[in-house]
>>> print(open('final.txt').read())   # compact mmCIF, C-alpha atoms
# COMPACT_ATOMS: atom_id res chain seq x y z
CA MET A 69 -89.06 -65.57 -16.07
CA ASP A 70 -88.72 -61.80 -15.85
CA ALA A 71 -85.25 -61.04 -14.44
CA GLY A 72 -86.16 -57.38 -13.88
CA LEU A 73 -89.07 -58.32 -11.65
CA ASP A 74 -86.83 -60.78 -9.79
CA ALA A 75 -84.18 -58.09 -9.23
CA GLY A 76 -86.82 -55.78 -7.74
CA LEU A 77 -88.08 -58.56 -5.48
CA VAL A 78 -84.51 -59.33 -4.36
CA ALA A 79 -83.93 -55.68 -3.52
CA ALA A 80 -87.16 -55.51 -1.51
CA ALA A 81 -86.40 -58.79 0.27
CA ARG A 82 -82.92 -57.55 1.16
CA ALA A 83 -84.59 -54.47 2.62
CA GLY A 84 -86.59 -56.76 4.91
CA SER A 85 -89.77 -57.49 2.94
CA ASP A 86 -90.96 -61.00 3.75
CA ALA A 87 -93.71 -60.55 1.16
CA ALA A 88 -91.14 -59.88 -1.59
CA PHE A 89 -89.24 -63.04 -0.73
CA ALA A 90 -92.52 -64.97 -0.63
CA ARG A 91 -93.19 -63.77 -4.19
CA LEU A 92 -89.72 -64.96 -5.26
CA VAL A 93 -90.50 -68.36 -3.75
CA ALA A 94 -93.89 -68.45 -5.47
CA ARG A 95 -92.28 -67.60 -8.83
CA HIS A 96 -89.50 -70.19 -8.63
CA GLN A 97 -90.67 -72.98 -6.32
CA ALA A 98 -92.46 -75.20 -8.85
CA PRO A 99 -89.68 -75.07 -11.49
CA VAL A 100 -86.99 -75.73 -8.85
CA ARG A 101 -88.98 -78.70 -7.54
CA ALA A 102 -89.45 -80.05 -11.07
CA PHE A 103 -85.72 -79.71 -11.77
CA LEU A 104 -84.87 -81.53 -8.54
CA ARG A 105 -87.39 -84.29 -9.25
CA ARG A 106 -85.87 -84.97 -12.64
CA THR A 107 -82.31 -84.62 -11.37
CA LEU A 108 -82.94 -87.05 -8.53
CA GLY A 109 -84.45 -89.63 -10.87
CA GLY A 110 -88.04 -89.10 -9.80
CA SER A 111 -87.48 -88.95 -6.05
CA PHE A 112 -90.47 -86.71 -5.33
CA ASP A 113 -90.35 -86.60 -1.53
CA LEU A 114 -86.63 -85.90 -1.45
CA ALA A 115 -86.97 -83.28 -4.21
CA ASP A 116 -89.71 -81.48 -2.27
CA ASP A 117 -87.60 -81.52 0.90
CA LEU A 118 -84.56 -80.23 -0.95
CA ALA A 119 -86.59 -77.51 -2.69
CA GLN A 120 -87.69 -76.29 0.71
CA ASP A 121 -84.04 -76.35 1.87
CA VAL A 122 -83.06 -74.35 -1.23
CA PHE A 123 -85.36 -71.48 -0.29
CA VAL A 124 -84.38 -71.56 3.39
CA ALA A 125 -80.72 -71.36 2.31
CA ALA A 126 -81.54 -68.61 -0.20
CA TRP A 127 -83.28 -66.54 2.47
CA GLY A 128 -80.26 -66.84 4.73
CA SER A 129 -77.75 -65.90 2.06
CA LEU A 130 -79.74 -63.42 -0.03
CA GLY A 131 -77.37 -60.65 1.02
CA ARG A 132 -74.49 -62.50 -0.65
CA LEU A 133 -76.21 -62.75 -4.05
CA LYS A 134 -73.88 -60.83 -6.37
CA ASP A 135 -76.25 -60.25 -9.30
CA PRO A 136 -79.94 -59.85 -8.42
CA ASP A 137 -80.84 -60.34 -12.11
CA GLY A 138 -79.33 -63.83 -11.86
CA VAL A 139 -81.48 -65.01 -8.95
CA ARG A 140 -82.97 -67.85 -11.03
CA SER A 141 -79.57 -69.32 -11.88
CA TRP A 142 -78.43 -68.77 -8.30
CA LEU A 143 -81.43 -70.71 -6.96
CA TYR A 144 -80.84 -73.55 -9.42
CA GLY A 145 -77.18 -73.59 -8.44
CA ILE A 146 -78.18 -74.03 -4.79
CA ALA A 147 -80.63 -76.74 -5.87
CA TRP A 148 -77.97 -78.54 -7.90
CA ARG A 149 -75.51 -78.54 -4.99
CA ARG A 150 -78.22 -79.83 -2.62
CA ALA A 151 -79.10 -82.57 -5.09
CA GLN A 152 -75.44 -83.58 -5.44
CA ASP A 153 -75.14 -83.80 -1.65
CA ALA A 154 -78.27 -85.93 -1.42
CA MET A 155 -77.12 -88.27 -4.20
CA ARG A 156 -73.71 -88.69 -2.59
CA SER A 157 -75.35 -89.46 0.74
CA GLY A 158 -77.61 -92.09 -0.76
CA LEU A 159 -80.77 -90.46 0.58
CA ARG A 160 -82.99 -91.39 -2.35
CA GLY A 161 -86.09 -93.37 -1.39
CA GLN A 162 -86.68 -95.49 -4.51
CA ALA A 163 -89.41 -97.70 -3.02
CA ARG A 164 -91.46 -94.68 -1.92
CA ASP A 165 -91.18 -93.08 -5.35
CA ARG A 166 -92.21 -96.26 -7.20
CA ALA A 167 -95.30 -96.57 -4.98
CA TRP A 168 -96.29 -92.99 -5.79
CA LEU A 169 -95.79 -93.49 -9.54
CA GLU A 170 -98.02 -96.58 -9.50
CA THR A 171 -100.90 -94.64 -7.95
CA ALA A 172 -100.47 -91.32 -9.80
CA GLU A 173 -102.63 -90.41 -12.74
CA PRO A 174 -100.48 -90.13 -15.87
CA PRO A 175 -100.60 -86.91 -17.88
CA ALA A 176 -102.90 -87.03 -20.89
CA GLY A 177 -101.35 -88.95 -23.75
CA ILE A 178 -98.58 -90.56 -21.69
CA SER A 179 -99.11 -93.98 -20.20
CA ASN A 180 -97.97 -94.75 -16.68
CA GLU A 181 -95.65 -97.39 -18.16
CA ASP A 182 -94.03 -94.86 -20.53
CA ARG A 183 -93.58 -92.34 -17.75
CA MET A 184 -91.98 -94.95 -15.50
CA SER A 185 -89.69 -96.01 -18.36
CA LEU A 186 -88.58 -92.41 -18.84
CA GLU A 187 -87.99 -91.95 -15.10
CA THR A 188 -85.93 -95.16 -15.03
CA ALA A 189 -83.94 -94.07 -18.08
CA MET A 190 -83.30 -90.64 -16.50
CA ALA A 191 -82.19 -92.30 -13.25
CA GLY A 192 -79.66 -94.32 -15.27
CA LEU A 193 -77.90 -91.22 -16.56
CA PRO A 194 -74.81 -89.94 -14.75
CA GLN A 195 -75.64 -87.08 -12.37
CA ASP A 196 -74.18 -84.27 -14.49
CA GLN A 197 -75.86 -85.55 -17.66
CA ARG A 198 -79.19 -85.94 -15.86
CA ALA A 199 -79.06 -82.35 -14.60
CA CYS A 200 -78.18 -80.99 -18.05
CA VAL A 201 -80.93 -83.03 -19.74
CA ALA A 202 -83.45 -81.95 -17.09
CA LEU A 203 -82.70 -78.26 -17.58
CA CYS A 204 -82.11 -78.10 -21.34
CA LEU A 205 -84.54 -80.69 -22.70
CA ALA A 206 -87.29 -80.80 -20.10
CA ASP A 207 -87.28 -77.17 -18.92
CA GLY A 208 -86.19 -75.52 -22.16
CA TRP A 209 -83.16 -73.74 -20.73
CA SER A 210 -80.39 -72.60 -23.03
CA HIS A 211 -77.02 -74.31 -22.73
CA ALA A 212 -75.58 -71.06 -21.34
CA GLU A 213 -78.24 -70.81 -18.63
CA ALA A 214 -77.70 -74.43 -17.59
CA ALA A 215 -73.93 -73.94 -17.58
CA GLU A 216 -74.27 -70.96 -15.27
CA ALA A 217 -76.66 -72.70 -12.88
CA LEU A 218 -74.67 -75.93 -12.71
CA GLY A 219 -71.23 -74.32 -12.68
CA LEU A 220 -70.12 -76.28 -15.75
CA PRO A 221 -68.43 -75.10 -18.95
CA ILE A 222 -70.93 -74.56 -21.79
CA GLY A 223 -69.18 -77.18 -23.96
CA THR A 224 -69.61 -79.74 -21.19
CA VAL A 225 -73.32 -78.92 -20.93
CA LYS A 226 -73.72 -79.33 -24.70
CA SER A 227 -71.96 -82.70 -24.72
CA HIS A 228 -73.93 -83.88 -21.66
CA VAL A 229 -77.20 -82.97 -23.37
CA THR A 230 -76.18 -84.72 -26.60
CA ARG A 231 -74.98 -87.86 -24.82
CA GLY A 232 -77.90 -87.85 -22.40
CA ARG A 233 -80.42 -87.57 -25.23
CA ALA A 234 -78.73 -90.46 -27.05
CA ARG A 235 -78.74 -92.62 -23.91
CA LEU A 236 -82.40 -91.86 -23.22
CA LEU A 237 -83.36 -92.73 -26.79
CA ALA A 238 -81.33 -95.93 -26.61
CA ALA A 239 -82.91 -96.90 -23.28
CA LEU A 240 -86.43 -96.14 -24.47
CA THR A 241 -86.15 -97.72 -27.93
CA GLY A 242 -83.83 -100.60 -27.07
CA ALA A 243 -81.23 -99.41 -29.60
CA SER A 244 -77.52 -99.72 -28.88
CA ASP A 245 -75.99 -96.88 -26.85
CA ASP A 246 -73.21 -95.35 -28.95
CA ALA A 247 -72.88 -92.20 -26.78
>>> encode(input="final.txt", output="structure tokens")
Amino acid sequence: MDAGLDAGLVAAARAGSDAAFARLVARHQAPVRAFLRRTLGGSFDLADDLAQDVFVAAWGSLGRLKDPDGVRSWLYGIAWRRAQDAMRSGLRGQARDRAWLETAEPPAGISNEDRMSLETAMAGLPQDQRACVALCLADGWSHAEAAEALGLPIGTVKSHVTRGRARLLAALTGASDDA
């Protein structure tokens, strides 16, 4: 993502441009939703609802954003806090998600069974590990970017990614979990 473009859009949105904020939403909505889906263990409906809440909250607090170049991390931070609240509240709809996965067409080269196994393995990770794995392994974020978005020390992010990867591999291959 181009931080310079984001900073310009933030400035325009702060000046009252609904179109500029709409462009920010268009640039970040799909990745935020994907992060939330992985973080919530595949809870697609809840992730979509929370993603919408993220952008409503962002619109209301855009004036308090300290660094317009960091809007991406700021949005992911809002998303992470919303996900934590939802997980604590027990709002995940597992039955609804399983029904969707059974009817969805798997991506090319990945069987529905393999995808469901991965989703189940991700759901079995502790919340912090799941968020770090989702950002660093699935979305290709650096450890520093994930640390900033999640409000965790970089060393913690690195260890969560390492342990999360080991647990996923153990869950998917049936090997013992030494992490």
>>> residues_around(input="final.txt", residues="Leu236 (chain A)", least_positions_apart="2", cutoff="9 Å", atoms="only C-alpha atoms", output="PyMOL selection string")
chain A and resi 186+189-190+192-193+231-234+238-241+245
>>> closest_atom_pairs(input="final.txt", of="region 99-140 of chain A", to="region 85-89 of chain A", cutoff="10 Å", atoms="all atoms listed in the file", output="Markdown table")
| residue | atom | partner | partner_atom | distance |
| --- | --- | --- | --- | --- |
| A:Phe123 | CA | A:Phe89 | CA | 9.3 |
| A:Ala126 | CA | A:Phe89 | CA | 9.5 |
| A:Trp127 | CA | A:Phe89 | CA | 7.6 |
| A:Leu130 | CA | A:Phe89 | CA | 9.5 |
>>> closest_residue(input="final.txt", among="A:Thr188, A:Ser157, A:Gln197, A:Ser129", to="Leu220 (chain A)", atoms="only C-alpha atoms")
A:Gln197
>>> atom_distance(input="final.txt", atom1="CA of Asp196 (chain A)", atom2="CA of Asp116 (chain A)")
20.0 Å
>>> atom_distance(input="final.txt", atom1="CA of Arg106 (chain A)", atom2="CA of Cys200 (chain A)")
10.2 Å
>>> atom_distance(input="final.txt", atom1="CA of Leu104 (chain A)", atom2="CA of Ala202 (chain A)")
8.7 Å
>>> closest_residue(input="final.txt", among="A:Val122, A:Arg105, A:Gly219, A:Arg149", to="Ala206 (chain A)", atoms="only C-alpha atoms")
A:Arg105
>>> residues_around(input="final.txt", residues="Ala151 (chain A)", least_positions_apart="5", cutoff="12 Å", atoms="all atoms listed in the file", output="PyMOL selection string")
chain A and resi 100-101+103-109+111+114-119+121-122+144-146+156-160+195-196+198-199+218
>>> closest_residue(input="final.txt", among="A:Ala154, A:Pro194, A:Leu143, A:Thr230", to="His211 (chain A)", atoms="all atoms listed in the file")
A:Thr230
>>> residues_near_point(input="final.txt", point="(-80.3, -68.6, -14.2)", cutoff="10 Å", atoms="only C-alpha atoms", output="number ranges by chain")
A: 69, 71, 137-145, 209-210, 212-218
>>> closest_residue(input="final.txt", among="A:Arg95, A:Gly84, A:His228, A:Gln152", to="Gly128 (chain A)", atoms="only C-alpha atoms")
A:Gly84
